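Undergrad: For reference, this is work04.cif, and it has mmCIF, C-alpha atoms.
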```
data_query
#
loop_
_atom_site.label_atom_id
_atom_site.label_comp_id
_atom_site.auth_asym_id
_atom_site.auth_seq_id
_atom_site.Cartn_x
_atom_site.Cartn_y
_atom_site.Cartn_z
CA MET A 1 -3.53 -13.12 16.96
CA VAL A 2 -6.05 -10.42 17.84
CA HIS A 3 -9.12 -9.69 15.70
CA PHE A 4 -10.90 -6.37 15.17
CA PRO A 5 -14.36 -5.32 14.01
CA PHE A 6 -14.69 -3.61 10.63
CA GLY A 7 -13.03 -0.17 10.64
CA ALA A 8 -12.00 -0.44 14.31
CA SER A 9 -8.58 -0.21 15.88
CA THR A 10 -9.36 -0.10 19.59
CA LEU A 11 -8.75 -3.10 21.80
CA ASN A 12 -11.85 -4.68 23.30
CA ALA A 13 -11.88 -6.94 26.36
CA ASP A 14 -11.37 -10.10 24.28
CA ALA A 15 -8.34 -8.60 22.56
CA LYS A 16 -6.80 -7.52 25.86
CA HIS A 17 -7.40 -10.98 27.29
CA ALA A 18 -5.65 -12.58 24.29
CA LEU A 19 -2.71 -10.19 24.67
CA ASP A 20 -2.51 -10.83 28.41
CA LYS A 21 -2.03 -14.53 27.65
CA MET A 22 0.98 -13.59 25.48
CA ILE A 23 2.78 -11.59 28.18
CA PRO A 24 4.72 -14.55 29.68
CA ILE A 25 6.08 -15.37 26.22
CA ALA A 26 6.85 -11.70 25.53
CA ARG A 27 8.90 -11.47 28.73
CA ASN A 28 11.35 -14.01 27.30
CA ALA A 29 11.44 -12.62 23.78
CA ASP A 30 14.39 -10.82 22.23
CA ARG A 31 12.19 -9.39 19.52
CA ILE A 32 8.46 -8.91 19.03
CA ILE A 33 6.99 -8.27 15.58
CA ILE A 34 3.48 -6.81 15.53
CA SER A 35 1.75 -6.99 12.14
CA GLY A 36 -1.45 -5.05 11.55
CA ARG A 37 -3.75 -6.25 8.77
CA THR A 38 -7.15 -5.46 7.21
CA ASP A 39 -9.64 -7.02 4.85
CA ASN A 40 -9.94 -5.79 1.25
CA ILE A 41 -12.90 -3.45 1.79
CA GLY A 42 -12.01 0.21 1.22
CA ASN A 43 -9.11 1.92 -0.50
CA ASN A 44 -5.45 1.21 0.19
CA LYS A 45 -4.74 4.46 2.04
CA VAL A 46 -7.59 3.89 4.51
CA ASN A 47 -6.64 0.23 5.01
CA ASP A 48 -2.97 1.11 5.56
CA THR A 49 -4.02 3.67 8.19
CA ILE A 50 -6.27 1.18 9.99
CA ALA A 51 -3.62 -1.56 9.86
CA LEU A 52 -1.07 0.78 11.44
CA ALA A 53 -3.53 1.99 14.10
CA ARG A 54 -4.28 -1.63 15.06
CA ALA A 55 -0.60 -2.51 15.31
CA LEU A 56 0.12 0.58 17.42
CA GLN A 57 -2.75 -0.22 19.80
CA VAL A 58 -1.32 -3.70 20.36
CA ARG A 59 2.23 -2.34 20.75
CA ASN A 60 1.14 0.28 23.27
CA TYR A 61 -0.84 -2.24 25.29
CA MET A 62 2.09 -4.66 25.37
CA ARG A 63 4.55 -1.92 26.32
CA ASP A 64 2.32 -0.98 29.25
CA GLN A 65 2.40 -4.62 30.42
CA LEU A 66 6.16 -5.03 29.86
CA LEU A 67 7.57 -1.90 31.46
CA ASP A 68 10.48 -3.80 33.02
CA VAL A 69 11.45 -5.77 29.90
CA ALA A 70 14.05 -4.60 27.40
CA ASN A 71 13.15 -6.12 24.06
CA THR A 72 12.73 -4.83 20.56
CA ILE A 73 9.23 -4.29 19.23
CA GLU A 74 8.84 -3.88 15.47
CA ILE A 75 5.73 -2.78 13.60
CA ASP A 76 4.70 -4.22 10.24
CA ALA A 77 1.42 -2.73 9.07
CA LYS A 78 -0.08 -3.35 5.65
CA GLY A 79 -3.69 -2.97 4.69
CA SER A 80 -5.29 -5.07 1.97
CA CYS A 81 -2.54 -7.64 1.94
CA CYS A 82 -1.40 -10.85 3.51
CA PHE A 83 -4.85 -12.40 3.76
CA ILE A 84 -5.30 -15.64 5.69
CA SER A 85 -8.84 -16.13 4.42
CA LYS A 86 -10.90 -15.23 1.37
CA ASN A 87 -12.57 -11.83 1.44
CA ASP A 88 -15.74 -12.95 -0.34
CA THR A 89 -17.64 -13.75 2.89
CA PRO A 90 -18.18 -11.82 6.14
CA ASP A 91 -16.42 -14.60 8.09
CA GLY A 92 -13.42 -14.50 5.77
CA ARG A 93 -13.12 -10.73 6.06
CA LYS A 94 -13.42 -11.02 9.85
CA GLU A 95 -10.42 -13.39 9.91
CA ASN A 96 -8.34 -10.92 7.89
CA ARG A 97 -9.00 -7.96 10.23
CA ARG A 98 -6.28 -8.81 12.70
CA VAL A 99 -2.95 -8.15 14.34
CA GLU A 100 -0.42 -10.96 14.45
CA VAL A 101 2.21 -11.00 17.19
CA VAL A 102 5.39 -13.01 16.56
CA PHE A 103 8.08 -13.59 19.18
CA THR A 104 11.74 -14.39 18.68
CA LEU A 105 12.83 -16.15 21.84
CA ARG A 106 16.21 -16.17 23.52
CA GLY A 107 18.30 -19.29 23.13
#
```
Mind converting the file's structure to structure tokens?
TA:
Amino acid sequence: MVHFPFGASTLNADAKHALDKMIPIARNADRIIISGRTDNIGNNKVNDTIALARALQVRNYMRDQLLDVANTIEIDAKGSCCFISKNDTPDGRKENRRVEVVFTLRG
């Protein structure tokens, strides 16, 4: 899981470090699902756009690290949905501004 500041979709050093730790798992994956998410602040259109931009940033970074690996990467981006925490506190909203990466492994 990679978290993002409010309204942001660019990967910071912490996000890249978290993704780098996933690369060995990704090398053995048949399928990678990247799910972009937001908190509930803002309208649905804006949140959907941010969720997609976050997912694409993660996908592009992982593709750059996995040039020699043939696996399927799928994007699932939905703003204002799929919350893992309540949105009534800054900490809760921070937890919801994320990209989840799920791997389906061979064998």
Undergrad: Using the chain letters and residue numbers of this document, give as a list in words the residues selected by the PyMOL selection byres ((chain A and resi 27) around 9).
TA: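 Output from the PyMOL selection byres ((chain A and resi 27) around 9), applied to this file: Met22, Ile23, Pro24, Ile25, Ala26, Asn28, Ala29, Asp30, Leu66, Asp68, Val69, Ala70 and Asn71 of chain A.
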Undergrad: How far is it from atom CA of A:Ser9 to atom CA of A:Ile50, in Å with one decimal?
TA: 6.5 Å
Undergrad: How many Å separate atom CA of A:Ala77 from atom CA of A:Arg93?
TA: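 About the pair atom CA of A:Ala77 and atom CA of A:Arg93: they are 16.9 Å apart.
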Undergrad: What residues come out when you apply the PyMOL selection byres ((chain A and resi 33-47) around 10) to this file, written as a PyMOL selection string?
TA: chain A and resi 1-9+31-32+48-59+72-88+90+92-104
Undergrad: Step by step, gather every atom of stretch 65-79 of chain A that the file lists, find the box along x, y and z that holds them, add 3 Å on each side, and finally give centre and edge lengths in Å to one decimal, as AutoDock Vina command-line options.
TA:
```
--center_x 5.2 --center_y -4.0 --center_z 18.9 --size_x 23.7 --size_y 10.2 --size_z 34.3
```
Undergrad: If you measure from atom CA of A:Thr10 to atom CA of A:Leu105, what distance in Å do you get, rounded to one decimal?
TA: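 Separating atom CA of A:Thr10 from atom CA of A:Leu105 is a distance of 27.5 Å.
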